[in-house]
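Reading through the structure tokens given below for one structure.
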Amino acid sequence: MLNLLFQSNTITIFEFSPVQILQFKRNLTFKRQNMVEDFDISPHNPPLKAIAGLIHDVKRGKLEGSYNITVKTLDILKKIISVCDWKSAEELMKLIRTQGKILASALPQEVVTANITRRIIKLIREEYDLLQAKVHQITDDSQASLHKLVTQTSDNDISRDYSKPQEGLREALLDHLQEIETEMETCSENVSAQAEEHIHTSEVILTLGHSRSVENFLKRAVKKRENLTIIIAECAPACRGHHLAANLATGSAEIVVIPDSTIFAMMSRVNKVIIGTHSVLANGGLRAACGAYTVALAAKHYSVPVIVLAPMYKLSPVHMCNVEQDAFNLVECAEGVIPYNSLAAKFAKVYSPIFDYVPPELVTLFISNMGGHAPSYVYRLLSELYHPEDYEL
Amino acid sequence: MEQFQKKDVVQAVLLTDLRPEAFKPICDNSSTALLTLANVPLLDYALESLNRSGIEEVFVYARLHMNDIKEHISKRQKQGCTWSINMSVKVIGAEGCRCLGDALRDIDAKSLIRGHFVLMEAETVTNANLSYFLEEHKKTAKYDKGIAMTVIYKEVITGVRTGDEVMIAMSTDNKRLQYHQRIKTNFREQSFAMPLDIFLQNSNVALHHNLADPQIAICSPLLLTLFSDNFDFENRDDFVRGLIINEEVLNSRIYVEMLPREQYARRVSNWLTYQIVSNDVINRWSYPLVPDMGICCLRQQFLFLRNNIYKHESATLSKLMSKENIVLDSGSSVDTGSKLSSVVIGRNCKIGKNCNLDHVYMYDDVVIEDNCSLEYCLIGSGAKISSNSHVLEGVVIAPKTVIAPNSNITTPSETDPIAKRFSISTQKTNDTEELDDEEDEEWEVGGFLKMRSVPFSFEDSEYNSSTEDELSSHGSPVPDDTNIFLSEVIDSLTRGYNEKSNPDFLILEINSSRYAYNMSLSEVNFYVTKAILSLPKVKESSANIVQNLHHVLGHLGPVISNYIKYKDAMIDCLKGVEDCCNQEEDFKAKVAQIVHYLYDKDYVAEDAILEWYENLSDESEWMKTHLKKLIDWLMASSEEESEEE
Amino acid sequence: MPDASVKKDFSVQQYFAQQMEEDKSMSSGIAAIKTLLMVLERTKFDTVHILHSTIQEAVKEMRNTDLSQAAIVSGTELFMRFITLAKFDDKPMEECKQIMLHRGKIFLEKLLQSRSTIAHQALQFVTDGCRILTHSRSRVVLQALIDAHTKSNKQFQVFVTHGGPDNAGDQMVAELEKVGIDAILILDSAVGYVMESVDLVMVGAEGVVESGGIINRIGSFTMALCAREMKKPFYVLAESFKFTRLYPLNQRDLPVEYKYIKRQRDNFKAHPMVDYTPPAYITLLFTDLGILTPSAVSDELIKLYL
């Protein structure tokens with residue numbers, strides 16, 4: 001997995017312009033002064049100031065997009081590792097877990113925060129084991145399996161003891177966090193690098209709303225392939241599809257913007273559907289922008305392949321139990337549908353949900369920064385990314 | 001500290017308890033800012049929205065109950081609620097403060113404000129992005145030093161009056177407020193008097209009548225000095241009125257901004273607006289200030305279910321019942337068979353079986369036993385409604401009240417102002433029983449409106465206007481051109497008859513009136529006939545109508561013959577007669593005689609009468625029996641004539 | 001001779017039947033493993049070969065009963081694997097036996113825990129106010145539902161099919177009602193009728209095959225077909241010892257001893273006792289190894305038997 005990352009020698013940063021990064025760094029240096037206060041662990045006030053600030057920024061809409069939220073969360077967790085006072089891996093894991101839980105309960109829709117938390121806990125486990133392995137001989141701790149069930153002995157059955165202090169763990173962790181950061185920085189590029197494999201000359205592509213990954217992907221495709229037609233469903237009421245159309249307009253491709261109601265009618269002449277997603281669920285289903293289900297069903301009807309761009313940090317080991325419960329969806333302001341001062345607003349109930357659940361059987365292929373995967377393969381990727389004990393934070 | 005002072009901190013002032021009387025009895029002993037709406041205190045809504053707008057320092061000006069507010073704020077800050085992040089809140093206040101004016105003068109005296117600031121009431125619920133308006137305000141301030149305030153309005157549905165609606169005139173070129181009038185809650189306005197200057201001095205003036213005033217304003221420091229200089233400004237309306245009148249003298253102006261579509265703002269000013277805003281929050285107009293997003297706490301504890309149901313994780317809502325628009329807080333439960341619609345339930349409440357709740361707002365620890373029916377009411381914390389009770393529109397039940405089984409509780413009817421206290425026959429309660437019985441009394445502008453089913457007068461008003469149209473055809477004094485014309489013709493003819501003036505002159509006079517009011521010829525025929533029949537002389541005695549008519553026409557005959565020359569004109573004339581007879585009871589019996597007389601004197605011809613008779617409207621159906629003889633006779637005579645030929 | 005080494009007072013069949021009798025809620029797979037452990041304890045053997053043949057013998061005897069075959073087969077297979085994977089070449093036989101018995105106990109303990117692990121996983125899928133359809137009686141479904149009701153205080157309604165020919169659904173309804181769950185007994189033929197009104201289907205399994213499909217009491221496949229047609233999720237709750245190395249492609253591929261009870265095996269007119277539900281009809285499997293998609297099942301089996 002890491003080899004793959006280092007092989008790609010073009011490392012460009014897509015989501016931030018150099019100026020922004022500079023500012024970002026400046027913010028960091030500024031933050032360091034307040035760090036003692038920001039990362040002060042007090043038993044009565046469980047959310048760290050930095051975490052509360054992150055939640056606040058997301059709630060206020062200052063911080064948007066799962067990529068940015070992931071990067072920011074990673075940044076804060078990294079600082080928890082480097083600044084906070086912890087003595088053993090267990091203590092650190094507990095600390096990160098609590099903060100992750102707070103993030104998850106405050107922003108249940110932004111599952112990326114929980115994903116990155118799981119990722120880091122897994123990293124702590126691995127690093128600790130690695131360091132311990134140098135001292136004691138311990139077999140690899142794989143997840144629960146039938147094989148383990150029959151081979152286990154009483155000795156290695158006891159769950160790993162993380163409470164011993166370990167020299168050099170902090171440094172090792174920070175080292176490896178660097179790898180995750182690099183992966184984050186390159187993932188958008190790695191996804192869009194695969195554009196040529198999937199999009200060919202004179203194809204008709206349909207997409208929905210505005211996803212940054214899709215934008216980069218299509219931009220790359222437009223550069224490399226000629227005569228593309230890109231149909232964009234506007235995704236009312238936010239109509240973010242208009243932004244995408246504007247951003248793609250500079251290329252040579254023909255851009256068509258359609259209202260959501262015509263998705264089905266347009267599908268018959270589409271060669272491929274390429275959409276982004278908010279997150280990928282454990283069964284390979286999607287939590288995607290509202291309208292994605294419509295697109296996927298229409299694509300199924302006309303046997304059009306549905307390609308979903310999902311960087312690894314969007315893979316989430318949670319299952320969708322019930323669309324209504326578990327804060328799966330987010331229902332926005334009613335104003336987007338009808339104006340407040342209309343008579344209908346007084347009598348009608350208005351719903352404006354943000355997400356759609358798309359079942360895995362409607363997805364043809366996931367494209368992540370690691371390559372293409374079938375929906376049925378998602379569970380394997382998950383077991384590589386996270387430790388099964390952390391599925392539930 | 002000095003460095004801090006120099007930094008440009010965005011400030012806001014929140015005023016509380018400006019009208020605690022409106023929220024009796026719940027706010028007798030506590031601040032209106034701590035009134036809970038969808039189980040969250042109003043103050044938290046206000047602070048949260050200020051925080052979202054990037055305000056960094058807030059002064060909560062507490063007129064009453066300052067300690068309660070202080071306590072609440074420090075409690076919230078300790079909990080680490082969302083508005084405490086990047087925002088400092090200070091509670092200030094003074095005993096002697098009576099009104100907004102006093103508060104602002106006090107703030108000015110303490111010189112707390114260092115720049116343009118947001119002035120809002122703590123009872124305002126909004127999701128507006130005030131930082132945008134603040135920037136606009138500052139931009140305007142660059143070229144107009146006299147900007148005192150930018151008031152922000154929200155477009156709302158017309159036809160619901162809550163006392164917060166205003167009628168304004170603004171010049172669209174520079175968004176200056178030119179006229180401001182609070183609209184009465186009783187729909188009794190006949191007209192608005194606006195100075196003509198508004199229209200003379202501005203090239204484009206927009207009049208808005210569908211605005212609600214959420215009491216949000218962006219103010220310049222100038223505003224504070226204006227208040228300090230003018231001790232007669234008590235509330236914001238005084239200030240606005242005073243400023244508009246003395247614009248030149250005070251050299252300051254008020255600007256207007258409309259909230260864009262996606263931003264919501266309403267003020268809770270009485271129980272009716274409490275009800276409306278509660279429903280708006282439940283219907284997500286105030287998004288993201290909705291229960292499931294966690295209004296001031298970091299965690300999201302409410303599940304949002306179908307039919308706008310917000311259920312706390314720990315609440316139980318039994319299935320198999322009809323329910324919609326519900327907020328159900330922690331530890332509460334609703335038993336089977338209950339029907340709930342637009343209900344807010346506080347913490348640890350219990351609702352029994354088969355209850356029927358419509359627009360009910362409950363505080364914490366309320367118990368409602370089986371088979372109760374409640375509508376449009378608010379129940380204070382710890383109250384208990386025993387089984388089989390009915391609570392009707394507008395009732396507010398004080399905390400810890402116990403209502404005995406089988407009670408029937410209503411507010412006193414408007415027609416019976418003496419019923420201040422009323423007893424409930426079967427109730428055995430403790431002393432805390434208290435009902436809001438002053439709701440229907442008027443209080444300056446507005447009055448304390450109670451909760452009720454909100455009427456939407458959209459269809460109503462249309463319906464009303466159409467009935468008015470019908471009335472006007474009956475000649476009731478509707479001031480339109482035709483009626484003025486009719487009255488002028490009557491005047492001319494009366495004078496002409498009394499003074500025996502030359503009929504030619506009268507014709508001239510009528511013609512000039514006709515052109516003045518743009519009457520068609522058939523209308524003239526119709527109204528002249530009506531006018532003649534309406535002359536005082538003709539109406540003098542009902543018995544001798546024909547005789548009187550003969551007298552009048554003896555002189556005015558030439559006038560009639562001048563107009564009634566052809567068959568169409570004759571039909572118009574007969575219609576005029578018909579119309580008069582429909583209106584005047586006295587004429588009804590005489591219709592045949594009048595028509596016969598007109599026929600005798602050759603004013604109308606036989607075929608005109610027959611055609612008119614055939615086409616009589618349904619309304620004049622009764623005439624047919626009266627005219628039957630005459631028509632038969634006419635038919636017979638015409639047959640004779642044809643036979644003769 | 002294996003027969004000689006087994007003590008006279010111990011009959012495998014009898015012990016097996018006794019185990020099943022003692023604890024009604026025990027799966028036949030667990031009982032089989034318990035029995036084999038007992039065999040291991042009571043048998044004297046000198047070589048691994050003899051041990052093998054002894055166990056084979058015992059397995060044969062147990063498979064001769066009328067109980068759920070699939071679970072016995074998969075359970076004993078797993079136990080065999082457990083024996084073969086144990087590596088102790090250089091130790092005396094008696095010591096090996098002790099180690100094996102010790103590990104066997106841990107193994108059994110793990111297996112006994114599995115049901116509550118599954119119940120915990122299924123918990124989040126049982127939501128307040130939902131309606132669940134289940135097929136006849138399954139111990140693991142029963143425990144999951146009871147846990148959801150008693151531990152997390154959820155209100156829901158369960159439709160239970162009668163479950164012919166032995167009508168175990170009656171017992172299921174009685175057990176559910178005992179803890180206060182709203183349970184409704186329906187005819188096996190009413191599955192299509194109630195399907196539109198339920199939110200999800202939850203069934204147990206006698207065996208989980210390599211493709212990710214399941215072998216379960218007759219009628220499960222019908223239920224899965226209906227659920228698929230009405231787009232309802234079809235969840236399977238199964239302990240991991242039920243994973244079995246079988247790859248049926250259709251109903252005919254199922255072993256005869258799975259399908260028919262002993263005395264009817266030659267009778268071609270007999271009713272089959274189980275059917276095979278292909279993986280395409282299964283939404284998710286809840287196991288003690290985690291929530292798996294059907295495709296993940298073969299991965300697990302490959303990991304074990306490769």
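Each chain in the structure tokens gets a letter, A, B, ..., in the order shown, and its residues are numbered from 1; ligands are numbered from 1 in order too.
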Would you give me, as a Markdown table, each residue of chain A having an atom within 10 Å of an atom of chain B, along with its shortest atom pair and that distance in Å to one decimal, using only C-alpha atoms and sorting by chain and residue number?
| residue | atom | partner | partner_atom | distance |
| --- | --- | --- | --- | --- |
| A:His44 | CA | B:Gln79 | CA | 8.8 |
| A:Asn45 | CA | B:Gly80 | CA | 7.4 |
| A:Pro46 | CA | B:Gly80 | CA | 9.4 |
| A:Pro47 | CA | B:Gly80 | CA | 8.5 |
| A:Lys49 | CA | B:Ile85 | CA | 8.6 |
| A:Ala52 | CA | B:Leu298 | CA | 7.6 |
| A:Gly53 | CA | B:Ile85 | CA | 6.9 |
| A:Ile55 | CA | B:Leu298 | CA | 7.4 |
| A:His56 | CA | B:Thr82 | CA | 6.5 |
| A:Asp57 | CA | B:Arg52 | CA | 9.4 |
| A:Lys59 | CA | B:Pro288 | CA | 8.5 |
| A:Arg60 | CA | B:Arg52 | CA | 5.9 |
| A:Gly61 | CA | B:Arg52 | CA | 9.1 |
| A:Lys62 | CA | B:Arg52 | CA | 9.8 |
| A:Ile102 | CA | B:Arg299 | CA | 7.3 |
| A:Leu103 | CA | B:Arg299 | CA | 8.3 |
| A:Ala104 | CA | B:Arg299 | CA | 8.5 |
| A:Ser105 | CA | B:Arg299 | CA | 5.3 |
| A:Ala106 | CA | B:Arg299 | CA | 3.9 |
| A:Leu107 | CA | B:Gln300 | CA | 7.4 |
| A:Pro108 | CA | B:Gln300 | CA | 7.6 |
| A:Val323 | CA | B:Leu305 | CA | 9.7 |
| A:Glu324 | CA | B:Leu305 | CA | 6.0 |
| A:Gln325 | CA | B:Leu303 | CA | 6.7 |
| A:Asp326 | CA | B:Leu303 | CA | 7.2 |
| A:Ala327 | CA | B:Leu303 | CA | 6.4 |
| A:Phe328 | CA | B:Leu303 | CA | 9.7 |
| A:Asn329 | CA | B:Phe304 | CA | 8.8 |
| A:Leu330 | CA | B:Phe304 | CA | 8.5 |
| A:Val331 | CA | B:Phe304 | CA | 8.3 |
| A:Glu332 | CA | B:Tyr287 | CA | 6.6 |
| A:Cys333 | CA | B:Tyr287 | CA | 4.9 |
| A:Ala334 | CA | B:Trp285 | CA | 5.5 |
| A:Glu335 | CA | B:Glu262 | CA | 5.4 |
| A:Gly336 | CA | B:Glu262 | CA | 6.8 |
| A:Val337 | CA | B:Glu262 | CA | 9.9 |
| A:Ile338 | CA | B:Arg261 | CA | 9.5 |
| A:Pro339 | CA | B:Arg261 | CA | 6.6 |
| A:Tyr340 | CA | B:Val156 | CA | 6.6 |
| A:Asn341 | CA | B:Ile157 | CA | 4.2 |
| A:Ser342 | CA | B:Ile157 | CA | 6.1 |
| A:Leu343 | CA | B:Ile157 | CA | 6.8 |
| A:Ala345 | CA | B:Ile157 | CA | 9.1 |
| A:Lys346 | CA | B:Ile157 | CA | 8.8 |
| A:Ala348 | CA | B:Asn283 | CA | 9.4 |
| A:Lys349 | CA | B:Asn283 | CA | 6.9 |
| A:Val350 | CA | B:Asn283 | CA | 7.2 |
| A:Tyr351 | CA | B:Arg284 | CA | 8.6 |
| A:Ser352 | CA | B:Arg284 | CA | 9.6 |
Write out as a tab-separated table (two decimals) with N, CA and C atoms, in the first residue's frame the residues lying within 12 Å of Tyr274 in chain B, counting only C-alpha atoms and excluding same-chain residues fewer than 5 positions away.
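Result file follows (out-v8.tsv):
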chain	number	residue	atom	x	y	z
B	22	ALA	N	-46.58	40.04	28.20
B	22	ALA	CA	-47.22	39.25	27.15
B	22	ALA	C	-47.14	37.76	27.42
B	23	PHE	N	-46.24	37.39	28.33
B	23	PHE	CA	-46.07	35.96	28.55
B	23	PHE	C	-46.51	35.54	29.94
B	32	THR	N	-38.20	36.49	29.95
B	32	THR	CA	-38.75	35.98	28.68
B	32	THR	C	-37.65	35.38	27.83
B	35	LEU	N	-37.55	31.70	28.22
B	35	LEU	CA	-38.70	30.95	27.75
B	35	LEU	C	-38.19	29.91	26.76
B	36	THR	N	-38.62	28.67	26.90
B	36	THR	CA	-38.07	27.68	25.97
B	36	THR	C	-38.98	27.49	24.77
B	37	LEU	N	-38.33	27.38	23.64
B	37	LEU	CA	-39.04	27.14	22.38
B	37	LEU	C	-38.43	25.87	21.80
B	38	ALA	N	-39.26	24.88	21.58
B	38	ALA	CA	-38.76	23.55	21.20
B	38	ALA	C	-37.69	23.11	22.20
B	42	LEU	N	-34.90	30.78	24.47
B	42	LEU	CA	-34.81	31.72	23.35
B	42	LEU	C	-33.46	32.42	23.32
B	123	GLU	N	-35.42	37.59	22.18
B	123	GLU	CA	-36.52	36.69	21.81
B	123	GLU	C	-36.58	36.45	20.30
B	124	THR	N	-35.56	36.91	19.58
B	124	THR	CA	-35.57	36.73	18.14
B	124	THR	C	-34.94	35.40	17.77
B	125	VAL	N	-35.59	34.70	16.85
B	125	VAL	CA	-35.04	33.44	16.34
B	125	VAL	C	-34.68	33.67	14.88
B	162	THR	N	-49.74	39.40	13.79
B	162	THR	CA	-49.22	39.05	15.10
B	162	THR	C	-48.74	40.26	15.87
B	266	ARG	N	-37.77	35.64	12.93
B	266	ARG	CA	-39.05	36.03	13.54
B	266	ARG	C	-38.76	36.33	15.00
B	267	ARG	N	-39.61	37.19	15.55
B	267	ARG	CA	-39.47	37.47	16.97
B	267	ARG	C	-40.63	36.83	17.71
B	268	VAL	N	-40.35	36.33	18.88
B	268	VAL	CA	-41.41	35.80	19.72
B	268	VAL	C	-41.87	36.95	20.60
B	269	SER	N	-43.04	37.50	20.28
B	269	SER	CA	-43.48	38.68	21.01
B	269	SER	C	-44.74	38.41	21.82
B	279	ASN	N	-43.65	26.34	15.29
B	279	ASN	CA	-43.96	25.55	14.10
B	279	ASN	C	-42.93	25.76	13.01
B	280	ASP	N	-42.45	26.99	12.90
B	280	ASP	CA	-41.43	27.25	11.88
B	280	ASP	C	-40.15	26.48	12.18
B	281	VAL	N	-39.81	26.43	13.46
B	281	VAL	CA	-38.60	25.68	13.83
B	281	VAL	C	-38.80	24.21	13.53
B	344	VAL	N	-44.81	20.07	21.26
B	344	VAL	CA	-43.46	20.09	21.82
B	344	VAL	C	-43.54	19.52	23.22
B	359	HIS	N	-51.21	21.36	18.70
B	359	HIS	CA	-50.53	22.60	19.04
B	359	HIS	C	-50.41	22.78	20.56
B	360	VAL	N	-49.76	21.83	21.18
B	360	VAL	CA	-49.57	21.90	22.63
B	360	VAL	C	-48.07	22.01	22.89
B	361	TYR	N	-47.72	22.92	23.80
B	361	TYR	CA	-46.31	23.13	24.09
B	361	TYR	C	-46.09	22.84	25.57
B	376	TYR	N	-54.04	24.10	21.22
B	376	TYR	CA	-53.50	25.46	21.27
B	376	TYR	C	-53.27	25.92	22.71
B	377	CYS	N	-52.43	25.20	23.42
B	377	CYS	CA	-52.18	25.63	24.78
B	377	CYS	C	-50.74	25.36	25.16
B	378	LEU	N	-50.34	26.01	26.24
B	378	LEU	CA	-48.99	25.84	26.76
B	378	LEU	C	-49.09	25.39	28.19
B	394	GLY	N	-55.88	28.72	23.48
B	394	GLY	CA	-55.35	29.91	24.12
B	394	GLY	C	-55.03	29.80	25.59
B	448	PHE	N	-51.90	41.22	23.68
B	448	PHE	CA	-51.32	39.91	23.93
B	448	PHE	C	-52.13	38.87	23.20
B	449	LEU	N	-51.68	38.52	22.06
B	449	LEU	CA	-52.43	37.54	21.30
B	449	LEU	C	-52.24	36.18	21.91
B	450	LYS	N	-53.29	35.43	21.92
B	450	LYS	CA	-53.20	34.10	22.50
B	450	LYS	C	-52.99	33.09	21.37
B	451	MET	N	-52.70	31.89	21.76
B	451	MET	CA	-52.53	30.84	20.76
B	451	MET	C	-53.89	30.49	20.19
B	452	ARG	N	-53.91	30.24	18.93
B	452	ARG	CA	-55.16	29.85	18.29
B	452	ARG	C	-54.82	29.26	16.94
Quick one: everything within 6 Å of range 259-268 of chain A, counting only C-alpha atoms, minus sequence neighbours fewer than 2 positions away in the same chain. Send it as a list in words.
-> Ala233, Glu234, Cys235, Val270 and Ala298 of chain A
Go ahead and save the picked residues with N, CA and C atoms, as a short mmCIF file (atom, residue, chain, number, x, y, z; two decimals), in the first residue's frame.
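That gives us part29.cif:
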data_model
loop_
_atom_site.label_atom_id
_atom_site.label_comp_id
_atom_site.auth_asym_id
_atom_site.auth_seq_id
_atom_site.Cartn_x
_atom_site.Cartn_y
_atom_site.Cartn_z
N ALA A 233 -26.24 16.84 -14.15
CA ALA A 233 -27.54 17.07 -13.51
C ALA A 233 -27.33 18.12 -12.42
N GLU A 234 -28.17 19.12 -12.41
CA GLU A 234 -27.87 20.31 -11.58
C GLU A 234 -27.94 20.04 -10.07
N CYS A 235 -28.75 19.05 -9.68
CA CYS A 235 -28.87 18.68 -8.27
C CYS A 235 -29.55 19.78 -7.45
N VAL A 270 -26.21 7.93 -22.65
CA VAL A 270 -25.01 8.12 -21.84
C VAL A 270 -24.15 6.86 -21.90
N ALA A 298 -31.56 4.75 -13.00
CA ALA A 298 -31.72 5.00 -14.44
C ALA A 298 -30.59 4.33 -15.19
#
Step one, run DSSP on the backbone; step two, keep only residues of range 110-336 of chain A assigned to helix (DSSP H, G or I); then write them as number ranges by chain.
-> A: 111-135, 146-151, 154-157, 169-192, 195-198, 212-224, 241-248, 260-267, 292-301, 312-314, 334-336
For chain C, report every residue with an atom at most 8 Å from chain A (counting only C-alpha atoms), formatted as a list of chain:residue names.
-> C:Leu78, C:Phe79, C:Arg81, C:Phe82, C:Leu85, C:Ala86, C:Arg103, C:Ile106, C:Phe107, C:Lys110, C:Gln124, C:Phe125, C:Val126, C:Thr127, C:Ser240, C:Leu289, C:Gly290, C:Leu292, C:Thr293, C:Ser295, C:Ala296, C:Glu300, C:Leu301, C:Lys303, C:Leu304
